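What follows is the content of coords.json (JSON, C-alpha atoms).
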[["chain", "number", "residue", "atom", "x", "y", "z"],
["Q", 1, "MET", "CA", -2.57, -7.73, -6.51],
["Q", 2, "ALA", "CA", -2.68, -8.19, -10.24],
["Q", 3, "SER", "CA", -6.02, -8.13, -11.96],
["Q", 4, "ARG", "CA", -7.73, -11.45, -12.50],
["Q", 5, "LEU", "CA", -10.77, -12.52, -14.45],
["Q", 6, "THR", "CA", -13.62, -14.16, -12.58],
["Q", 7, "PRO", "CA", -15.14, -16.99, -14.64],
["Q", 8, "ALA", "CA", -18.27, -15.64, -16.28],
["Q", 9, "HIS", "CA", -20.66, -16.36, -19.09],
["Q", 10, "SER", "CA", -19.53, -15.06, -22.46],
["Q", 11, "GLY", "CA", -21.38, -12.11, -23.89],
["Q", 12, "LEU", "CA", -21.94, -10.39, -20.54],
["Q", 13, "PRO", "CA", -21.04, -6.71, -20.16],
["Q", 14, "PRO", "CA", -17.56, -6.14, -18.67],
["Q", 15, "LEU", "CA", -17.22, -4.98, -15.07],
["Q", 16, "LYS", "CA", -14.00, -3.93, -13.37],
["Q", 17, "VAL", "CA", -14.27, -4.68, -9.63],
["Q", 18, "LEU", "CA", -11.87, -2.78, -7.38],
["Q", 19, "ILE", "CA", -11.54, -4.62, -4.06],
["Q", 20, "ALA", "CA", -10.29, -2.58, -1.12],
["Q", 21, "ALA", "CA", -7.45, -3.91, 0.99],
["Q", 22, "PRO", "CA", -7.47, -3.96, 3.91],
["Q", 23, "ARG", "CA", -11.12, -4.92, 4.36],
["Q", 24, "GLY", "CA", -13.20, -7.19, 6.55],
["Q", 25, "PHE", "CA", -12.18, -8.75, 9.85],
["Q", 26, "CYS", "CA", -9.88, -6.81, 12.15],
["Q", 27, "ALA", "CA", -7.79, -8.29, 14.97],
["Q", 28, "GLY", "CA", -10.41, -7.42, 17.60],
["Q", 29, "VAL", "CA", -13.18, -9.19, 15.69],
["Q", 30, "ASP", "CA", -10.94, -12.22, 15.03],
["Q", 31, "ARG", "CA", -10.19, -12.42, 18.75],
["Q", 32, "ALA", "CA", -13.83, -12.08, 19.83],
["Q", 33, "ILE", "CA", -15.04, -14.82, 17.49],
["Q", 34, "MET", "CA", -12.19, -17.09, 18.56],
["Q", 35, "ILE", "CA", -13.07, -16.55, 22.23],
["Q", 36, "VAL", "CA", -16.61, -17.84, 21.63],
["Q", 37, "GLU", "CA", -15.34, -20.79, 19.58],
["Q", 38, "ARG", "CA", -12.69, -21.74, 22.17],
["Q", 39, "ALA", "CA", -15.23, -21.36, 24.99],
["Q", 40, "LEU", "CA", -17.52, -23.81, 23.19],
["Q", 41, "GLU", "CA", -14.61, -26.26, 22.86],
["Q", 42, "LYS", "CA", -13.67, -25.89, 26.53],
["Q", 43, "PHE", "CA", -17.09, -25.77, 28.23],
["Q", 44, "GLY", "CA", -19.35, -27.36, 25.63],
["Q", 45, "ALA", "CA", -22.64, -25.91, 24.44],
["Q", 46, "PRO", "CA", -24.41, -23.80, 25.35],
["Q", 47, "VAL", "CA", -22.12, -20.83, 25.85],
["Q", 48, "TYR", "CA", -24.01, -17.58, 26.40],
["Q", 49, "VAL", "CA", -23.03, -14.31, 24.76],
["Q", 50, "ARG", "CA", -24.30, -10.98, 26.04],
["Q", 51, "HIS", "CA", -25.32, -8.97, 22.96],
["Q", 52, "GLU", "CA", -24.03, -9.70, 19.46],
["Q", 53, "ILE", "CA", -20.38, -10.69, 19.76],
["Q", 54, "VAL", "CA", -19.75, -8.49, 16.70],
["Q", 55, "HIS", "CA", -22.17, -6.62, 14.46],
["Q", 56, "ASN", "CA", -22.67, -9.16, 11.71],
["Q", 57, "ARG", "CA", -25.69, -11.44, 11.27],
["Q", 58, "PHE", "CA", -23.73, -14.05, 9.29],
["Q", 59, "VAL", "CA", -21.12, -14.37, 12.04],
["Q", 60, "VAL", "CA", -23.73, -14.46, 14.81],
["Q", 61, "ASP", "CA", -25.80, -17.11, 13.02],
["Q", 62, "GLY", "CA", -22.66, -19.21, 12.45],
["Q", 63, "LEU", "CA", -21.77, -19.14, 16.15],
["Q", 64, "ARG", "CA", -25.39, -19.84, 17.10],
["Q", 65, "ALA", "CA", -25.26, -22.98, 14.95],
["Q", 66, "LYS", "CA", -22.22, -24.11, 16.95],
["Q", 67, "GLY", "CA", -24.01, -23.71, 20.28],
["Q", 68, "ALA", "CA", -23.72, -20.04, 21.25],
["Q", 69, "VAL", "CA", -26.84, -18.48, 22.78],
["Q", 70, "PHE", "CA", -27.16, -14.71, 22.39],
["Q", 71, "VAL", "CA", -28.96, -12.78, 25.11],
["Q", 72, "GLU", "CA", -29.54, -9.12, 25.84],
["Q", 73, "GLU", "CA", -29.09, -9.12, 29.60],
["Q", 74, "LEU", "CA", -27.12, -11.10, 32.15],
["Q", 75, "ASP", "CA", -30.23, -12.32, 33.99],
["Q", 76, "GLU", "CA", -31.04, -14.45, 30.92],
["Q", 77, "VAL", "CA", -27.90, -16.53, 31.56],
["Q", 78, "PRO", "CA", -28.64, -19.59, 33.72],
["Q", 79, "ASP", "CA", -26.47, -20.39, 36.72],
["Q", 80, "GLY", "CA", -23.54, -22.63, 35.95],
["Q", 81, "ARG", "CA", -23.08, -21.64, 32.31],
["Q", 82, "PRO", "CA", -20.26, -19.45, 30.94],
["Q", 83, "VAL", "CA", -20.99, -16.07, 29.41],
["Q", 84, "VAL", "CA", -18.95, -14.01, 26.94],
["Q", 85, "PHE", "CA", -19.08, -10.21, 26.76],
["Q", 86, "SER", "CA", -19.09, -8.70, 23.27],
["Q", 87, "ALA", "CA", -16.19, -7.01, 21.49],
["Q", 88, "HIS", "CA", -17.78, -3.59, 22.03],
["Q", 89, "GLY", "CA", -17.19, -3.62, 25.78],
["Q", 90, "VAL", "CA", -19.58, -3.51, 28.73],
["Q", 91, "PRO", "CA", -20.17, -1.22, 31.72],
["Q", 92, "LYS", "CA", -18.27, -2.19, 34.86],
["Q", 93, "VAL", "CA", -21.46, -3.30, 36.55],
["Q", 94, "VAL", "CA", -21.89, -6.22, 34.12],
["Q", 95, "PRO", "CA", -18.78, -8.25, 35.08],
["Q", 96, "ALA", "CA", -19.38, -7.27, 38.71],
["Q", 97, "ASN", "CA", -22.87, -8.77, 38.55],
["Q", 98, "ALA", "CA", -21.53, -11.88, 36.81],
["Q", 99, "GLN", "CA", -18.94, -12.31, 39.52],
["Q", 100, "ALA", "CA", -21.56, -11.83, 42.24],
["Q", 101, "ARG", "CA", -23.60, -14.66, 40.70],
["Q", 102, "GLY", "CA", -20.55, -16.91, 40.46],
["Q", 103, "LEU", "CA", -20.71, -17.08, 36.67],
["Q", 104, "ASP", "CA", -17.66, -17.95, 34.59],
["Q", 105, "TYR", "CA", -17.28, -15.04, 32.22],
["Q", 106, "LEU", "CA", -14.94, -14.23, 29.36],
["Q", 107, "ASP", "CA", -14.40, -10.66, 28.26],
["Q", 108, "ALA", "CA", -14.10, -10.36, 24.46],
["Q", 109, "THR", "CA", -13.82, -6.57, 24.58],
["Q", 110, "CYS", "CA", -11.44, -5.41, 21.88],
["Q", 111, "PRO", "CA", -8.14, -4.42, 23.54],
["Q", 112, "LEU", "CA", -8.30, -1.06, 21.77],
["Q", 113, "VAL", "CA", -11.69, -0.39, 23.37],
["Q", 114, "SER", "CA", -10.28, -1.50, 26.73],
["Q", 115, "LYS", "CA", -7.52, 1.07, 26.23],
["Q", 116, "VAL", "CA", -10.16, 3.80, 25.95],
["Q", 117, "HIS", "CA", -11.80, 2.49, 29.14],
["Q", 118, "ARG", "CA", -8.53, 2.78, 31.04],
["Q", 119, "GLN", "CA", -7.97, 6.29, 29.73],
["Q", 120, "ALA", "CA", -11.45, 7.30, 30.87],
["Q", 121, "GLU", "CA", -10.74, 6.05, 34.39],
["Q", 122, "ARG", "CA", -7.44, 7.95, 34.52],
["Q", 123, "GLN", "CA", -8.97, 11.22, 33.31],
["Q", 124, "VAL", "CA", -11.72, 11.07, 35.92],
["Q", 125, "GLN", "CA", -9.19, 10.22, 38.64],
["Q", 126, "ALA", "CA", -7.24, 13.30, 37.53],
["Q", 127, "GLY", "CA", -10.35, 15.43, 38.11],
["Q", 128, "ARG", "CA", -11.15, 16.08, 34.46],
["Q", 129, "HIS", "CA", -14.57, 16.02, 32.81],
["Q", 130, "ILE", "CA", -14.51, 13.90, 29.66],
["Q", 131, "LEU", "CA", -16.03, 14.96, 26.36],
["Q", 132, "PHE", "CA", -16.62, 11.64, 24.63],
["Q", 133, "ILE", "CA", -16.93, 11.81, 20.86],
["Q", 134, "GLY", "CA", -19.24, 9.06, 19.68],
["Q", 135, "HIS", "CA", -22.73, 7.94, 18.68],
["Q", 136, "ALA", "CA", -25.53, 7.75, 21.22],
["Q", 137, "ASN", "CA", -26.72, 4.25, 22.15],
["Q", 138, "HIS", "CA", -23.83, 2.47, 20.42],
["Q", 139, "PRO", "CA", -22.71, -0.44, 22.64],
["Q", 140, "GLU", "CA", -19.16, 0.87, 22.76],
["Q", 141, "VAL", "CA", -20.36, 4.25, 24.00],
["Q", 142, "ILE", "CA", -22.61, 2.64, 26.63],
["Q", 143, "GLY", "CA", -19.71, 0.47, 27.78],
["Q", 144, "THR", "CA", -17.31, 3.40, 28.05],
["Q", 145, "PHE", "CA", -19.78, 5.59, 29.96],
["Q", 146, "GLY", "CA", -20.21, 2.65, 32.31],
["Q", 147, "GLN", "CA", -16.54, 2.77, 33.31],
["Q", 148, "VAL", "CA", -16.84, 6.03, 35.23],
["Q", 149, "THR", "CA", -19.18, 7.72, 37.69],
["Q", 150, "GLU", "CA", -22.36, 9.20, 36.29],
["Q", 151, "GLY", "CA", -22.00, 12.84, 35.27],
["Q", 152, "SER", "CA", -18.24, 12.68, 34.68],
["Q", 153, "MET", "CA", -18.62, 12.34, 30.89],
["Q", 154, "THR", "CA", -20.57, 14.24, 28.21],
["Q", 155, "LEU", "CA", -21.38, 12.80, 24.78],
["Q", 156, "ILE", "CA", -20.33, 14.89, 21.79],
["Q", 157, "GLU", "CA", -21.90, 13.57, 18.58],
["Q", 158, "THR", "CA", -21.41, 16.44, 16.15],
["Q", 159, "GLU", "CA", -19.34, 19.51, 15.45],
["Q", 160, "ALA", "CA", -22.35, 21.55, 16.60],
["Q", 161, "ASP", "CA", -22.23, 19.77, 19.98],
["Q", 162, "ALA", "CA", -18.56, 20.73, 20.26],
["Q", 163, "GLU", "CA", -19.40, 24.36, 19.53],
["Q", 164, "THR", "CA", -22.23, 24.60, 22.07],
["Q", 165, "PHE", "CA", -20.91, 22.61, 25.03],
["Q", 166, "THR", "CA", -20.44, 24.83, 28.08],
["Q", 167, "PRO", "CA", -18.26, 23.53, 30.91],
["Q", 168, "ALA", "CA", -18.85, 24.32, 34.54],
["Q", 169, "PRO", "CA", -16.74, 27.21, 35.87],
["Q", 170, "GLY", "CA", -13.16, 26.08, 36.40],
["Q", 171, "GLN", "CA", -13.88, 22.61, 35.02],
["Q", 172, "GLN", "CA", -10.86, 20.83, 33.54],
["Q", 173, "LEU", "CA", -11.57, 18.95, 30.33],
["Q", 174, "SER", "CA", -10.29, 15.99, 28.36],
["Q", 175, "PHE", "CA", -11.65, 14.18, 25.32],
["Q", 176, "LEU", "CA", -11.81, 10.59, 24.13],
["Q", 177, "THR", "CA", -13.42, 8.98, 21.10],
["Q", 178, "GLN", "CA", -15.31, 5.89, 20.04],
["Q", 179, "THR", "CA", -12.96, 3.63, 18.08],
["Q", 180, "THR", "CA", -15.14, 3.24, 14.96],
["Q", 181, "LEU", "CA", -15.83, 6.85, 13.96],
["Q", 182, "SER", "CA", -15.29, 8.70, 10.71],
["Q", 183, "VAL", "CA", -11.71, 9.93, 10.73],
["Q", 184, "ASP", "CA", -12.67, 13.14, 8.91],
["Q", 185, "ASP", "CA", -15.71, 13.91, 11.08],
["Q", 186, "THR", "CA", -13.77, 13.28, 14.26],
["Q", 187, "ALA", "CA", -10.93, 15.54, 13.13],
["Q", 188, "ALA", "CA", -13.41, 18.40, 12.63],
["Q", 189, "ILE", "CA", -14.92, 17.86, 16.08],
["Q", 190, "VAL", "CA", -11.50, 17.69, 17.72],
["Q", 191, "ASP", "CA", -10.48, 20.90, 15.91],
["Q", 192, "ALA", "CA", -13.54, 22.65, 17.33],
["Q", 193, "LEU", "CA", -12.85, 21.41, 20.86],
["Q", 194, "THR", "CA", -9.17, 22.31, 20.83],
["Q", 195, "ARG", "CA", -9.94, 25.75, 19.41],
["Q", 196, "ARG", "CA", -12.55, 26.47, 22.08],
["Q", 197, "PHE", "CA", -10.66, 24.82, 24.94],
["Q", 198, "PRO", "CA", -6.90, 25.12, 24.30],
["Q", 199, "ASP", "CA", -6.07, 23.33, 27.57],
["Q", 200, "ILE", "CA", -8.23, 20.27, 26.87],
["Q", 201, "VAL", "CA", -6.28, 17.04, 27.39],
["Q", 202, "ALA", "CA", -6.11, 14.78, 24.34],
["Q", 203, "PRO", "CA", -5.94, 10.98, 24.54],
["Q", 204, "LYS", "CA", -2.55, 9.31, 24.54],
["Q", 205, "GLY", "CA", -2.41, 8.04, 21.00],
["Q", 206, "GLU", "CA", -5.25, 7.86, 18.49],
["Q", 207, "ASP", "CA", -8.49, 6.41, 19.86],
["Q", 208, "ILE", "CA", -9.95, 5.63, 16.43],
["Q", 209, "CYS", "CA", -8.59, 2.15, 15.87],
["Q", 210, "TYR", "CA", -6.06, 1.25, 13.20],
["Q", 211, "ALA", "CA", -8.57, -0.98, 11.39],
["Q", 212, "THR", "CA", -11.18, 1.76, 11.13],
["Q", 213, "SER", "CA", -8.63, 4.25, 9.79],
["Q", 214, "ASN", "CA", -7.13, 1.74, 7.37],
["Q", 215, "ARG", "CA", -10.50, 0.66, 5.98],
["Q", 216, "GLN", "CA", -11.58, 4.25, 5.45],
["Q", 217, "ALA", "CA", -8.36, 5.03, 3.60],
["Q", 218, "ALA", "CA", -8.82, 1.95, 1.42],
["Q", 219, "ALA", "CA", -12.45, 2.91, 0.74],
["Q", 220, "LYS", "CA", -11.30, 6.35, -0.42],
["Q", 221, "ALA", "CA", -8.81, 4.72, -2.79],
["Q", 222, "ILE", "CA", -11.43, 2.60, -4.55],
["Q", 223, "ALA", "CA", -14.14, 5.28, -4.47],
["Q", 224, "ALA", "CA", -11.84, 7.68, -6.30],
["Q", 225, "ARG", "CA", -11.70, 5.25, -9.24],
["Q", 226, "ALA", "CA", -15.17, 3.68, -9.17],
["Q", 227, "GLU", "CA", -18.60, 4.72, -10.39],
["Q", 228, "ALA", "CA", -20.22, 3.11, -7.34],
["Q", 229, "VAL", "CA", -19.17, 1.30, -4.16],
["Q", 230, "LEU", "CA", -20.76, -1.62, -2.33],
["Q", 231, "VAL", "CA", -19.93, -1.87, 1.36],
["Q", 232, "ILE", "CA", -20.52, -5.30, 2.88],
["Q", 233, "GLY", "CA", -21.55, -4.98, 6.49],
["Q", 234, "ALA", "CA", -24.42, -4.77, 8.97],
["Q", 235, "PRO", "CA", -26.77, -1.77, 9.29],
["Q", 236, "ASN", "CA", -25.91, -1.55, 13.01],
["Q", 237, "SER", "CA", -22.15, -1.61, 12.31],
["Q", 238, "SER", "CA", -20.71, 1.85, 12.90],
["Q", 239, "ASN", "CA", -17.50, 1.24, 10.97],
["Q", 240, "SER", "CA", -19.43, -0.14, 7.96],
["Q", 241, "LEU", "CA", -21.74, 2.88, 7.84],
["Q", 242, "ARG", "CA", -18.72, 5.16, 7.93],
["Q", 243, "LEU", "CA", -17.32, 3.41, 4.83],
["Q", 244, "VAL", "CA", -20.49, 4.31, 2.91],
["Q", 245, "GLU", "CA", -20.09, 7.93, 4.01],
["Q", 246, "VAL", "CA", -16.43, 7.98, 2.98],
["Q", 247, "ALA", "CA", -17.31, 6.96, -0.58],
["Q", 248, "GLU", "CA", -20.24, 9.35, -0.84],
["Q", 249, "ARG", "CA", -18.12, 12.29, 0.27],
["Q", 250, "LEU", "CA", -15.90, 11.70, -2.73],
["Q", 251, "GLY", "CA", -18.98, 12.00, -4.93],
["Q", 252, "THR", "CA", -19.28, 8.25, -5.53],
["Q", 253, "ARG", "CA", -22.65, 6.65, -4.91],
["Q", 254, "ALA", "CA", -22.44, 3.91, -2.31],
["Q", 255, "ARG", "CA", -24.69, 1.37, -0.70],
["Q", 256, "LEU", "CA", -24.50, -0.92, 2.33],
["Q", 257, "ILE", "CA", -25.45, -4.57, 1.80],
["Q", 258, "GLN", "CA", -25.28, -7.51, 4.18],
["Q", 259, "THR", "CA", -25.02, -10.29, 1.60],
["Q", 260, "ALA", "CA", -24.99, -10.87, -2.16],
["Q", 261, "ASP", "CA", -28.77, -11.31, -2.08],
["Q", 262, "GLU", "CA", -29.14, -7.59, -1.35],
["Q", 263, "ILE", "CA", -27.38, -6.41, -4.52],
["Q", 264, "ASP", "CA", -29.74, -4.11, -6.44],
["Q", 265, "PHE", "CA", -28.77, -4.54, -10.07],
["Q", 266, "ASP", "CA", -31.15, -1.76, -11.13],
["Q", 267, "TRP", "CA", -29.22, 0.56, -8.82],
["Q", 268, "LEU", "CA", -25.92, -0.57, -10.35],
["Q", 269, "GLY", "CA", -27.23, 0.05, -13.87],
["Q", 270, "ASP", "CA", -24.83, 0.04, -16.82],
["Q", 271, "ILE", "CA", -21.78, 0.32, -14.61],
["Q", 272, "ALA", "CA", -18.22, -0.30, -15.81],
["Q", 273, "THR", "CA", -16.21, 0.06, -12.57],
["Q", 274, "LEU", "CA", -17.41, -0.97, -9.11],
["Q", 275, "GLY", "CA", -15.65, -0.72, -5.78],
["Q", 276, "ILE", "CA", -16.16, -3.31, -3.04],
["Q", 277, "THR", "CA", -15.12, -3.19, 0.59],
["Q", 278, "ALA", "CA", -16.24, -4.79, 3.84],
["Q", 279, "GLY", "CA", -16.63, -3.56, 7.40],
["Q", 280, "ALA", "CA", -14.45, -4.91, 10.20],
["Q", 281, "SER", "CA", -17.08, -7.46, 11.24],
["Q", 282, "ALA", "CA", -17.73, -8.89, 7.76],
["Q", 283, "PRO", "CA", -16.00, -12.16, 6.83],
["Q", 284, "GLU", "CA", -14.25, -12.65, 3.50],
["Q", 285, "ILE", "CA", -16.75, -15.33, 2.46],
["Q", 286, "LEU", "CA", -19.36, -12.56, 2.07],
["Q", 287, "VAL", "CA", -17.02, -10.60, -0.21],
["Q", 288, "ARG", "CA", -16.51, -13.65, -2.41],
["Q", 289, "GLY", "CA", -20.25, -14.24, -2.45],
["Q", 290, "VAL", "CA", -20.86, -10.74, -3.76],
["Q", 291, "ILE", "CA", -18.28, -11.13, -6.51],
["Q", 292, "GLU", "CA", -19.73, -14.50, -7.53],
["Q", 293, "LYS", "CA", -23.20, -12.93, -7.74],
["Q", 294, "LEU", "CA", -21.87, -10.08, -9.85],
["Q", 295, "ALA", "CA", -20.28, -12.63, -12.18],
["Q", 296, "GLU", "CA", -23.77, -13.92, -13.03],
["Q", 297, "HIS", "CA", -24.55, -10.55, -14.60],
["Q", 298, "PHE", "CA", -21.16, -9.21, -15.71],
["Q", 299, "ALA", "CA", -17.84, -10.40, -17.08],
["Q", 300, "VAL", "CA", -15.94, -9.51, -13.92],
["Q", 301, "THR", "CA", -12.30, -8.49, -13.76],
["Q", 302, "GLU", "CA", -10.96, -8.14, -10.21],
["Q", 303, "GLU", "CA", -8.24, -5.82, -8.97],
["Q", 304, "GLU", "CA", -7.25, -5.62, -5.30],
["Q", 305, "VAL", "CA", -6.32, -2.05, -4.34],
["Q", 306, "LEU", "CA", -3.85, -2.30, -1.46],
["Q", 307, "THR", "CA", -3.28, 0.81, 0.66],
["Q", 308, "THR", "CA", -1.56, -0.81, 3.65],
["Q", 309, "THR", "CA", -0.93, -4.21, 5.22],
["Q", 310, "GLU", "CA", -2.06, -5.33, 8.68],
["Q", 311, "ASP", "CA", -0.25, -7.88, 10.85],
["Q", 312, "ILE", "CA", -1.78, -7.17, 14.26],
["Q", 313, "ALA", "CA", -3.07, -10.01, 16.44],
["Q", 314, "PHE", "CA", -4.41, -9.86, 19.99],
["Q", 315, "LYS", "CA", -3.87, -12.50, 22.67],
["Q", 316, "LEU", "CA", -6.76, -14.61, 23.92],
["Q", 317, "PRO", "CA", -7.76, -14.55, 27.60],
["Q", 318, "ARG", "CA", -5.78, -16.81, 29.88],
["Q", 319, "GLY", "CA", -7.11, -20.34, 29.83],
["Q", 320, "LEU", "CA", -8.28, -20.28, 26.23],
["Q", 321, "GLU", "CA", -4.94, -20.15, 24.40],
["Q", 322, "ALA", "CA", -4.54, -23.90, 24.09],
["Q", 323, "ALA", "CA", -8.20, -24.92, 24.35]]

Rendering of file as structure tokens:
Amino acid sequence: MASRLTPAHSGLPPLKVLIAAPRGFCAGVDRAIMIVERALEKFGAPVYVRHEIVHNRFVVDGLRAKGAVFVEELDEVPDGRPVVFSAHGVPKVVPANAQARGLDYLDATCPLVSKVHRQAERQVQAGRHILFIGHANHPEVIGTFGQVTEGSMTLIETEADAETFTPAPGQQLSFLTQTTLSVDDTAAIVDALTRRFPDIVAPKGEDICYATSNRQAAAKAIAARAEAVLVIGAPNSSNSLRLVEVAERLGTRARLIQTADEIDFDWLGDIATLGITAGASAPEILVRGVIEKLAEHFAVTEEEVLTTTEDIAFKLPRGLEAA
């Protein structure tokens, strides 16, 4: 996109803002939010949502204002009300318990996460022990471990874990990954595993989702040209945190903010070029809010840095398409 000047007060110092593209919402997040909105239209409020539908306070608060009620556990959902499962996926026991209670439930698990779940089931059925590359206690990791019998999967968080894992004698191995990891970190861990265990079975296709990979590539493109990078996202958003790391590894200072109100202008200092990107759960309105806030302090010139285009969309669950 060609550069454009954001209206600003005259006499302010100039600031070139490089805006990563793609950024913000991915197809899985779009689908999850739409599921909650369509459920509210179909069933009326309240619609219950187990855990944050996506990791973004602005999105969650917006859905809460429309009638969504966010709970941590299924037993907080009253009988007779629908419940939506978050985009990160849930252990198998959760929908089983919902079904046992006779609850109407809608699964907003990202289809790319569901693909990992199916692969985990197949690997265990084939008699292989799974080394799952991911972050402990992340909802996606908890959901994936909950797809298979206890003890059939081991979490690998770091390259050191990959170097020290010792399989049982004669144990066949496979590996899978969380969808929102650092592409570079994961490559190093996979290299260690494949070097140590040449017969380890790799996933069919890349587990790290297209949106995560694309946003990291776009973050690298702006970080290479900027003095600093602001990443708009939530502190519990894995993919947003990885964007900060991507910029910092290129030697560019970076900071995660949730909204424009968190911009630290002392930290920015006398900056001339700033990169901006947003995690996969952050809506575009937050990006525009940050740029508008910057324009109160700088004469802002915007340039969108496009590294690839995305045209993926996921279908809604049956019964919600025409709600």

Listing only residues of region 76-123 of chain Q within 8 Å of region 9-33 of chain Q, what is the closest atom pair and its distance in Å (to one decimal) for each, using only C-alpha atoms, sorted by chain and residue number ascending, as CSV?
residue,atom,partner,partner_atom,distance
Q:Ser86,CA,Q:Ala32,CA,7.1
Q:Ala87,CA,Q:Ala32,CA,5.8
Q:Ala108,CA,Q:Ala32,CA,4.9
Q:Thr109,CA,Q:Ala32,CA,7.3
Q:Cys110,CA,Q:Gly28,CA,4.8
Q:Pro111,CA,Q:Gly28,CA,7.0
Q:Leu112,CA,Q:Gly28,CA,7.9

Report task. Kindly indicate which residue among Q:Gly143, Q:Gly205, Q:Gly80, Q:Gly127 lies nearest to Val93 (chain Q), using all atoms listed in the file for the distances. Result ->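 Comparing Q:Gly143, Q:Gly205, Q:Gly80, Q:Gly127 against Val93 (chain Q), the winner is Q:Gly143.
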
Query raised in the report: For the point (-26.6, -5.6, 7.6) in file coordinates, what residues are within 12 Å, counting only C-alpha atoms? Give the answer as a ChimeraX atom specification?
Result: /Q:54-60,231-241,255-262,278-279,281-282,286

Requested in this report: Tell me, as an NGL selection string, which residues lie within 10 Å of Ala126 (chain Q), counting all atoms listed in the file; anything in the same chain fewer than 5 positions away does not count.
Outcome: :Q and (120-121 or 172)

**Report entry** Among the residues Q:Ala228, Q:Asp184, Q:Pro283, Q:Leu320, the one that comes closest to Leu40 (chain Q) [using all atoms listed in the file]
**Finding:** Q:Leu320

Query raised in the report: Excluding same-chain residues fewer than 2 positions from Arg225 (chain Q), what lies within 10 Å of it counting all atoms listed in the file, as a list in words?
Result: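 Near Arg225 (chain Q), the qualifying residues are Leu18, Lys220, Ala221, Ile222, Ala223, Glu227, Ala228, Val229, Thr252, Thr273, Leu274 and Gly275 of chain Q.
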
Report summary line: Separating CA of Ala254 (chain Q) from CA of Ile276 (chain Q), to the nearest tenth of an Å, is a gap of 9.6 Å

Report task. Measuring atom to atom with only C-alpha atoms, identify which of Q:Gly269, Q:Gln178, Q:Asp185, Q:Pro317 is nearest to Ala160 (chain Q). Result -> Q:Asp185

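Closest approach to Ala272 (chain Q) from the set Q:Leu243, Q:Leu155, Q:Ala295, Q:Ala226 is made by Q:Ala226, with distances taken over all atoms listed in the file.
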
Using 5 Å of padding on each side, determine the axis-aligned box around all atoms of region 31-46 of chain Q present in the file and give its centre and edge lengths in Å to one decimal, as AutoDock Vina command-line options.
--center_x -17.3 --center_y -19.7 --center_z 22.9 --size_x 24.2 --size_y 25.3 --size_z 20.7

Query raised in the report: For Thr177 (chain Q), which residue out of Q:Glu206, Q:Asp311, Q:Glu163, Q:Asp199 is the nearest one, using only C-alpha atoms?
Result: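 Distance minimum relative to Thr177 (chain Q) lands on Q:Glu206.
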
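Comparing the minimum interatomic distances between Arg242 (chain Q) and each of Q:Leu230, Q:Leu181, Q:Ala68, Q:Ala136, counting all atoms listed in the file, we find that Q:Leu181 sits nearest.
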